[in-house]
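Quick look at start38.pdb (PDB, N, CA and C atoms):
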ATOM      1  N   MET A   1     -94.877 -23.522-170.710
ATOM      2  CA  MET A   1     -95.534 -22.286-171.089
ATOM      3  C   MET A   1     -94.519 -21.173-171.266
ATOM      4  N   ASP A   2     -94.789 -20.308-172.201
ATOM      5  CA  ASP A   2     -93.909 -19.189-172.504
ATOM      6  C   ASP A   2     -94.185 -18.048-171.537
ATOM      7  N   SER A   3     -93.215 -17.731-170.689
ATOM      8  CA  SER A   3     -93.409 -16.671-169.700
ATOM      9  C   SER A   3     -93.274 -15.288-170.325
ATOM     10  N   ASP A   4     -92.960 -15.217-171.624
ATOM     11  CA  ASP A   4     -92.804 -13.933-172.306
ATOM     12  C   ASP A   4     -94.057 -13.523-173.071
ATOM     13  N   PHE A   5     -95.204 -14.098-172.739
ATOM     14  CA  PHE A   5     -96.442 -13.755-173.431
ATOM     15  C   PHE A   5     -96.690 -12.264-173.289
ATOM     16  N   SER A   6     -97.011 -11.625-174.396
ATOM     17  CA  SER A   6     -97.273 -10.192-174.372
ATOM     18  C   SER A   6     -98.355  -9.870-175.386
ATOM     19  N   HIS A   7     -99.258  -8.991-174.984
ATOM     20  CA  HIS A   7    -100.314  -8.557-175.888
ATOM     21  C   HIS A   7    -100.757  -7.166-175.472
ATOM     22  N   LEU A   8    -100.806  -6.261-176.411
ATOM     23  CA  LEU A   8    -101.268  -4.904-176.155
ATOM     24  C   LEU A   8    -102.691  -4.794-176.691
ATOM     25  N   PRO A   9    -103.682  -4.628-175.785
ATOM     26  CA  PRO A   9    -105.061  -4.534-176.269
ATOM     27  C   PRO A   9    -105.282  -3.246-177.061
ATOM     28  N   VAL A  10    -105.942  -3.371-178.186
ATOM     29  CA  VAL A  10    -106.250  -2.194-178.994
ATOM     30  C   VAL A  10    -107.697  -1.785-178.747
ATOM     31  N   MET A  11    -107.965  -0.511-178.910
ATOM     32  CA  MET A  11    -109.307   0.043-178.757
ATOM     33  C   MET A  11    -109.917  -0.222-177.373
ATOM     34  N   ALA A  12    -109.092  -0.230-176.339
ATOM     35  CA  ALA A  12    -109.590  -0.514-174.986
ATOM     36  C   ALA A  12    -110.654   0.496-174.559
ATOM     37  N   HIS A  13    -110.457   1.771-174.878
ATOM     38  CA  HIS A  13    -111.451   2.786-174.491
ATOM     39  C   HIS A  13    -112.794   2.524-175.170
ATOM     40  N   GLU A  14    -112.748   2.107-176.422
ATOM     41  CA  GLU A  14    -113.976   1.820-177.153
ATOM     42  C   GLU A  14    -114.690   0.592-176.571
ATOM     43  N   ILE A  15    -113.919  -0.408-176.180
ATOM     44  CA  ILE A  15    -114.504  -1.613-175.576
ATOM     45  C   ILE A  15    -115.166  -1.261-174.252
ATOM     46  N   VAL A  16    -114.494  -0.467-173.443
ATOM     47  CA  VAL A  16    -115.066  -0.034-172.160
ATOM     48  C   VAL A  16    -116.367   0.732-172.409
ATOM     49  N   ALA A  17    -116.375   1.598-173.402
ATOM     50  CA  ALA A  17    -117.583   2.374-173.715
ATOM     51  C   ALA A  17    -118.728   1.453-174.144
ATOM     52  N   LEU A  18    -118.427   0.392-174.872
ATOM     53  CA  LEU A  18    -119.465  -0.555-175.289
ATOM     54  C   LEU A  18    -120.112  -1.257-174.095
ATOM     55  N   PHE A  19    -119.337  -1.439-173.033
ATOM     56  CA  PHE A  19    -119.855  -2.124-171.847
ATOM     57  C   PHE A  19    -120.546  -1.175-170.861
ATOM     58  N   ALA A  20    -120.536   0.113-171.128
ATOM     59  CA  ALA A  20    -121.151   1.082-170.209
ATOM     60  C   ALA A  20    -122.621   0.771-169.930
ATOM     61  N   PRO A  21    -123.435   0.419-170.940
ATOM     62  CA  PRO A  21    -124.846   0.154-170.649
ATOM     63  C   PRO A  21    -125.148  -1.247-170.094
ATOM     64  N   VAL A  22    -124.154  -2.112-170.018
ATOM     65  CA  VAL A  22    -124.371  -3.479-169.540
ATOM     66  C   VAL A  22    -124.652  -3.436-168.039
ATOM     67  N   PRO A  23    -125.738  -4.059-167.597
ATOM     68  CA  PRO A  23    -126.042  -4.038-166.158
ATOM     69  C   PRO A  23    -125.012  -4.848-165.364
ATOM     70  N   ASP A  24    -124.888  -4.530-164.081
ATOM     71  CA  ASP A  24    -123.986  -5.284-163.208
ATOM     72  C   ASP A  24    -124.347  -6.764-163.256
ATOM     73  N   GLY A  25    -123.334  -7.600-163.118
ATOM     74  CA  GLY A  25    -123.540  -9.044-163.151
ATOM     75  C   GLY A  25    -122.314  -9.728-163.727
ATOM     76  N   VAL A  26    -122.537 -10.835-164.380
ATOM     77  CA  VAL A  26    -121.449 -11.653-164.926
ATOM     78  C   VAL A  26    -121.383 -11.466-166.436
ATOM     79  N   VAL A  27    -120.169 -11.244-166.947
ATOM     80  CA  VAL A  27    -119.933 -11.197-168.385
ATOM     81  C   VAL A  27    -118.937 -12.298-168.738
ATOM     82  N   VAL A  28    -119.001 -12.750-169.972
ATOM     83  CA  VAL A  28    -118.097 -13.798-170.457
ATOM     84  C   VAL A  28    -117.217 -13.207-171.541
ATOM     85  N   ASP A  29    -115.917 -13.364-171.359
ATOM     86  CA  ASP A  29    -114.949 -12.993-172.388
ATOM     87  C   ASP A  29    -114.436 -14.308-172.964
ATOM     88  N   ALA A  30    -114.961 -14.691-174.109
ATOM     89  CA  ALA A  30    -114.652 -15.995-174.693
ATOM     90  C   ALA A  30    -113.299 -16.042-175.377
ATOM     91  N   THR A  31    -112.629 -14.903-175.486
ATOM     92  CA  THR A  31    -111.270 -14.853-176.023
ATOM     93  C   THR A  31    -110.461 -13.926-175.115
ATOM     94  N   VAL A  32    -110.301 -14.318-173.866
ATOM     95  CA  VAL A  32    -109.696 -13.435-172.865
ATOM     96  C   VAL A  32    -108.244 -13.087-173.171
ATOM     97  N   GLY A  33    -107.552 -13.947-173.907
ATOM     98  CA  GLY A  33    -106.154 -13.642-174.237
ATOM     99  C   GLY A  33    -105.357 -13.325-172.989
ATOM    100  N   GLY A  34    -104.587 -12.253-173.027
ATOM    101  CA  GLY A  34    -103.781 -11.860-171.883
ATOM    102  C   GLY A  34    -104.542 -11.055-170.847
ATOM    103  N   GLY A  35    -105.821 -10.815-171.072
ATOM    104  CA  GLY A  35    -106.653 -10.136-170.084
ATOM    105  C   GLY A  35    -106.665  -8.627-170.157
ATOM    106  N   GLY A  36    -106.123  -8.051-171.209
ATOM    107  CA  GLY A  36    -106.053  -6.595-171.322
ATOM    108  C   GLY A  36    -107.410  -5.917-171.390
ATOM    109  N   HIS A  37    -108.285  -6.399-172.280
ATOM    110  CA  HIS A  37    -109.622  -5.811-172.364
ATOM    111  C   HIS A  37    -110.415  -6.109-171.098
ATOM    112  N   ALA A  38    -110.268  -7.328-170.577
ATOM    113  CA  ALA A  38    -110.977  -7.703-169.352
ATOM    114  C   ALA A  38    -110.576  -6.784-168.199
ATOM    115  N   ALA A  39    -109.287  -6.499-168.067
ATOM    116  CA  ALA A  39    -108.817  -5.609-166.995
ATOM    117  C   ALA A  39    -109.385  -4.204-167.158
ATOM    118  N   ALA A  40    -109.427  -3.725-168.390
ATOM    119  CA  ALA A  40    -109.977  -2.388-168.641
ATOM    120  C   ALA A  40    -111.456  -2.338-168.278
ATOM    121  N   ILE A  41    -112.200  -3.373-168.649
ATOM    122  CA  ILE A  41    -113.629  -3.428-168.342
ATOM    123  C   ILE A  41    -113.851  -3.499-166.838
ATOM    124  N   LEU A  42    -113.132  -4.407-166.168
ATOM    125  CA  LEU A  42    -113.318  -4.575-164.725
ATOM    126  C   LEU A  42    -112.874  -3.337-163.944
ATOM    127  N   SER A  43    -111.860  -2.644-164.438
ATOM    128  CA  SER A  43    -111.402  -1.417-163.774
ATOM    129  C   SER A  43    -112.475  -0.336-163.826
ATOM    130  N   SER A  44    -113.191  -0.285-164.928
ATOM    131  CA  SER A  44    -114.195   0.763-165.099
ATOM    132  C   SER A  44    -115.565   0.367-164.559
ATOM    133  N   ARG A  45    -115.780  -0.922-164.350
ATOM    134  CA  ARG A  45    -117.100  -1.425-163.940
ATOM    135  C   ARG A  45    -116.972  -2.370-162.755
ATOM    136  N   PRO A  46    -116.828  -1.851-161.539
ATOM    137  CA  PRO A  46    -116.629  -2.713-160.361
ATOM    138  C   PRO A  46    -117.806  -3.639-160.064
ATOM    139  N   GLY A  47    -118.976  -3.406-160.657
ATOM    140  CA  GLY A  47    -120.127  -4.272-160.430
ATOM    141  C   GLY A  47    -120.182  -5.479-161.351
ATOM    142  N   LEU A  48    -119.206  -5.596-162.235
ATOM    143  CA  LEU A  48    -119.161  -6.740-163.149
ATOM    144  C   LEU A  48    -118.222  -7.809-162.618
ATOM    145  N   ARG A  49    -118.576  -9.063-162.893
ATOM    146  CA  ARG A  49    -117.680 -10.193-162.656
ATOM    147  C   ARG A  49    -117.404 -10.784-164.031
ATOM    148  N   LEU A  50    -116.289 -11.455-164.184
ATOM    149  CA  LEU A  50    -115.881 -11.917-165.500
ATOM    150  C   LEU A  50    -115.522 -13.388-165.493
ATOM    151  N   VAL A  51    -116.024 -14.100-166.486
ATOM    152  CA  VAL A  51    -115.576 -15.460-166.774
ATOM    153  C   VAL A  51    -114.766 -15.340-168.053
ATOM    154  N   GLY A  52    -113.489 -15.676-167.988
ATOM    155  CA  GLY A  52    -112.613 -15.572-169.145
ATOM    156  C   GLY A  52    -112.237 -16.940-169.671
ATOM    157  N   LEU A  53    -112.381 -17.127-170.979
ATOM    158  CA  LEU A  53    -112.052 -18.391-171.621
ATOM    159  C   LEU A  53    -111.001 -18.160-172.700
ATOM    160  N   ASP A  54    -110.124 -19.129-172.870
ATOM    161  CA  ASP A  54    -109.158 -19.084-173.965
ATOM    162  C   ASP A  54    -108.576 -20.469-174.149
ATOM    163  N   ARG A  55    -108.143 -20.782-175.365
ATOM    164  CA  ARG A  55    -107.513 -22.072-175.647
ATOM    165  C   ARG A  55    -106.006 -22.020-175.458
ATOM    166  N   ASP A  56    -105.443 -20.830-175.370
ATOM    167  CA  ASP A  56    -103.998 -20.639-175.290
ATOM    168  C   ASP A  56    -103.573 -20.635-173.820
ATOM    169  N   LEU A  57    -102.845 -21.669-173.416
ATOM    170  CA  LEU A  57    -102.416 -21.782-172.019
ATOM    171  C   LEU A  57    -101.510 -20.628-171.602
ATOM    172  N   ASP A  58    -100.665 -20.157-172.516
ATOM    173  CA  ASP A  58     -99.786 -19.032-172.192
ATOM    174  C   ASP A  58    -100.608 -17.766-171.969
ATOM    175  N   ALA A  59    -101.620 -17.572-172.794
ATOM    176  CA  ALA A  59    -102.491 -16.409-172.634
ATOM    177  C   ALA A  59    -103.232 -16.479-171.303
ATOM    178  N   LEU A  60    -103.742 -17.656-170.948
ATOM    179  CA  LEU A  60    -104.449 -17.801-169.671
ATOM    180  C   LEU A  60    -103.527 -17.525-168.489
ATOM    181  N   ALA A  61    -102.291 -17.986-168.580
ATOM    182  CA  ALA A  61    -101.336 -17.721-167.508
ATOM    183  C   ALA A  61    -101.105 -16.219-167.366
ATOM    184  N   ALA A  62    -100.967 -15.523-168.492
ATOM    185  CA  ALA A  62    -100.781 -14.072-168.463
ATOM    186  C   ALA A  62    -102.035 -13.384-167.921
ATOM    187  N   ALA A  63    -103.211 -13.861-168.315
ATOM    188  CA  ALA A  63    -104.465 -13.277-167.833
ATOM    189  C   ALA A  63    -104.615 -13.459-166.330
ATOM    190  N   ARG A  64    -104.212 -14.624-165.812
ATOM    191  CA  ARG A  64    -104.291 -14.849-164.360
ATOM    192  C   ARG A  64    -103.468 -13.804-163.607
ATOM    193  N   VAL A  65    -102.290 -13.513-164.117
ATOM    194  CA  VAL A  65    -101.432 -12.510-163.475
ATOM    195  C   VAL A  65    -102.054 -11.123-163.612
ATOM    196  N   ARG A  66    -102.468 -10.781-164.815
ATOM    197  CA  ARG A  66    -103.009  -9.439-165.070
ATOM    198  C   ARG A  66    -104.315  -9.187-164.320
ATOM    199  N   LEU A  67    -105.127 -10.218-164.153
ATOM    200  CA  LEU A  67    -106.431 -10.049-163.518
ATOM    201  C   LEU A  67    -106.431 -10.386-162.023
ATOM    202  N   ALA A  68    -105.290 -10.803-161.492
ATOM    203  CA  ALA A  68    -105.194 -11.143-160.070
ATOM    204  C   ALA A  68    -105.648 -10.013-159.142
ATOM    205  N   PRO A  69    -105.373  -8.734-159.455
ATOM    206  CA  PRO A  69    -105.826  -7.667-158.562
ATOM    207  C   PRO A  69    -107.341  -7.608-158.374
ATOM    208  N   PHE A  70    -108.098  -8.235-159.268
ATOM    209  CA  PHE A  70    -109.551  -8.203-159.142
ATOM    210  C   PHE A  70    -110.055  -9.278-158.189
ATOM    211  N   GLY A  71    -109.201 -10.237-157.850
ATOM    212  CA  GLY A  71    -109.458 -11.220-156.808
ATOM    213  C   GLY A  71    -110.865 -11.745-156.683
ATOM    214  N   ASP A  72    -111.330 -11.854-155.433
ATOM    215  CA  ASP A  72    -112.632 -12.430-155.154
ATOM    216  C   ASP A  72    -113.681 -11.395-154.798
ATOM    217  N   GLY A  73    -113.409 -10.135-155.055
ATOM    218  CA  GLY A  73    -114.372  -9.083-154.736
ATOM    219  C   GLY A  73    -115.484  -9.015-155.767
ATOM    220  N   PRO A  74    -116.180  -7.880-155.816
ATOM    221  CA  PRO A  74    -117.282  -7.728-156.765
ATOM    222  C   PRO A  74    -116.840  -7.901-158.212
ATOM    223  N   SER A  75    -115.606  -7.553-158.532
ATOM    224  CA  SER A  75    -115.099  -7.685-159.900
ATOM    225  C   SER A  75    -114.224  -8.922-160.050
ATOM    226  N   SER A  76    -114.613 -10.011-159.410
ATOM    227  CA  SER A  76    -113.779 -11.209-159.453
ATOM    228  C   SER A  76    -113.778 -11.825-160.841
ATOM    229  N   THR A  77    -112.793 -12.673-161.083
ATOM    230  CA  THR A  77    -112.660 -13.321-162.382
ATOM    231  C   THR A  77    -112.534 -14.821-162.210
ATOM    232  N   MET A  78    -112.927 -15.549-163.224
ATOM    233  CA  MET A  78    -112.717 -16.986-163.279
ATOM    234  C   MET A  78    -112.193 -17.268-164.677
ATOM    235  N   LEU A  79    -111.042 -17.898-164.764
ATOM    236  CA  LEU A  79    -110.421 -18.173-166.058
ATOM    237  C   LEU A  79    -110.376 -19.674-166.293
ATOM    238  N   ALA A  80    -110.595 -20.081-167.540
ATOM    239  CA  ALA A  80    -110.608 -21.498-167.852
ATOM    240  C   ALA A  80    -110.127 -21.736-169.268
ATOM    241  N   LEU A  81    -109.598 -22.923-169.475
ATOM    242  CA  LEU A  81    -109.202 -23.352-170.802
ATOM    243  C   LEU A  81    -110.463 -23.731-171.563
ATOM    244  N   ALA A  82    -110.660 -23.155-172.725
ATOM    245  CA  ALA A  82    -111.825 -23.470-173.555
ATOM    246  C   ALA A  82    -111.442 -24.572-174.532
ATOM    247  N   PRO A  83    -112.003 -25.763-174.381
ATOM    248  CA  PRO A  83    -111.666 -26.849-175.304
ATOM    249  C   PRO A  83    -112.234 -26.579-176.691
ATOM    250  N   SER A  84    -111.676 -27.255-177.656
ATOM    251  CA  SER A  84    -112.168 -27.131-179.021
ATOM    252  C   SER A  84    -113.644 -27.520-179.062
ATOM    253  N   LEU A  85    -114.434 -26.813-179.874
ATOM    254  CA  LEU A  85    -115.857 -27.123-179.975
ATOM    255  C   LEU A  85    -116.101 -28.489-180.587
ATOM    256  N   THR A  86    -115.201 -28.916-181.454
ATOM    257  CA  THR A  86    -115.334 -30.241-182.051
ATOM    258  C   THR A  86    -114.001 -30.947-181.988
ATOM    259  N   SER A  87    -114.044 -32.232-181.734
ATOM    260  CA  SER A  87    -112.812 -33.009-181.716
ATOM    261  C   SER A  87    -112.394 -33.314-183.144
ATOM    262  N   SER A  88    -111.165 -33.739-183.330
ATOM    263  CA  SER A  88    -110.690 -34.059-184.678
ATOM    264  C   SER A  88    -111.485 -35.214-185.272
ATOM    265  N   SER A  89    -111.925 -36.172-184.450
ATOM    266  CA  SER A  89    -112.709 -37.286-184.988
ATOM    267  C   SER A  89    -114.088 -36.807-185.438
ATOM    268  N   THR A  90    -114.673 -35.839-184.736
ATOM    269  CA  THR A  90    -115.964 -35.289-185.134
ATOM    270  C   THR A  90    -115.814 -34.525-186.440
ATOM    271  N   ARG A  91    -114.729 -33.749-186.574
ATOM    272  CA  ARG A  91    -114.499 -33.008-187.818
ATOM    273  C   ARG A  91    -114.336 -33.976-188.988
ATOM    274  N   ALA A  92    -113.638 -35.082-188.759
ATOM    275  CA  ALA A  92    -113.406 -36.035-189.834
ATOM    276  C   ALA A  92    -114.729 -36.654-190.275
ATOM    277  N   ARG A  93    -115.622 -36.978-189.323
ATOM    278  CA  ARG A  93    -116.908 -37.570-189.660
ATOM    279  C   ARG A  93    -117.808 -36.586-190.401
ATOM    280  N   SER A  94    -117.707 -35.297-190.054
ATOM    281  CA  SER A  94    -118.619 -34.321-190.660
ATOM    282  C   SER A  94    -117.988 -33.578-191.844
ATOM    283  N   ALA A  95    -116.854 -34.032-192.320
ATOM    284  CA  ALA A  95    -116.165 -33.353-193.409
ATOM    285  C   ALA A  95    -117.040 -33.219-194.649
ATOM    286  N   GLY A  96    -117.900 -34.184-194.905
ATOM    287  CA  GLY A  96    -118.767 -34.131-196.077
ATOM    288  C   GLY A  96    -120.072 -33.421-195.807
ATOM    289  N   SER A  97    -120.315 -33.047-194.574
ATOM    290  CA  SER A  97    -121.575 -32.403-194.199
ATOM    291  C   SER A  97    -121.545 -30.922-194.535
ATOM    292  N   SER A  98    -122.707 -30.373-194.911
ATOM    293  CA  SER A  98    -122.772 -28.945-195.253
ATOM    294  C   SER A  98    -123.095 -28.070-194.057
ATOM    295  N   SER A  99    -123.476 -28.672-192.922
ATOM    296  CA  SER A  99    -123.768 -27.872-191.728
ATOM    297  C   SER A  99    -123.183 -28.555-190.507
ATOM    298  N   THR A 100    -122.939 -27.757-189.474
ATOM    299  CA  THR A 100    -122.372 -28.250-188.238
ATOM    300  C   THR A 100    -123.219 -27.768-187.081
ATOM    301  N   SER A 101    -123.564 -28.626-186.173
ATOM    302  CA  SER A 101    -124.308 -28.244-184.965
ATOM    303  C   SER A 101    -123.327 -27.910-183.858
ATOM    304  N   VAL A 102    -123.633 -26.856-183.139
ATOM    305  CA  VAL A 102    -122.785 -26.460-181.999
ATOM    306  C   VAL A 102    -123.607 -26.585-180.752
TER     307      VAL A 102
END
As a first step, turn the structure in this file into structure tokens.
Amino acid sequence: MDSDFSHLPVMAHEIVALFAPVPDGVVVDATVGGGGHAAAILSSRPGLRLVGLDRDLDALAAARVRLAPFGDGPSSTMLALAPSLTSSSTRARSAGSSSTSV
């Protein structure tokens, strides 16, 4: 894994504002990346917990570090590798199909 992973989240204030009306509970960040937006959201909303998903192992490693301060408290996080929705063999079989089921 590349220990030099870096990402500067853009529009963090706008993202936080979008989450203002969301009730306390669990939210899913399906593209957690380096965790920049997730950290901004959790910092502003201590009643939220976050499940973060990403396919990029380097991004997940960076997110684990960035989101570690949120630990196991009310704003805890759970990060996981999100596998591809379809395997290469499934894509090959459905190449002629006009629709895909998810």
Open item on the list: Would you pick out the contacts of stretch 3-18 of chain A at 6.5 Å or less, using all atoms listed in the file, so that residues sharing its chain but fewer than 4 positions from it are not included, and give the list as JSON, numbers by chain?
Closed with: {"A": [22, 34, 36, 37, 40, 41, 58, 59]}
- [ ] Take the point (-125.9, -2.8, -160.2) as written in the file and pick out every residue within 12 Å of it, counting only C-alpha atoms; give the list as a PyMOL selection string.
- [x] chain A and resi 20-26+45-49+74-75
Open item on the list: For the PyMOL selection byres ((chain A and resi 29) around 7), applied here, can you spell out every residue it catches as an MDAnalysis selection string?
Closed with: chainID A and resid 27:28 30:33 50:54
TODO: Find the distance between atom CA of A:Ala68 and atom CA of A:Ala38 and write it in Å to one decimal.
DONE: 11.5 Å
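Atom CA of A:Leu79 is positioned 7.2 Å from atom CA of A:Arg64.
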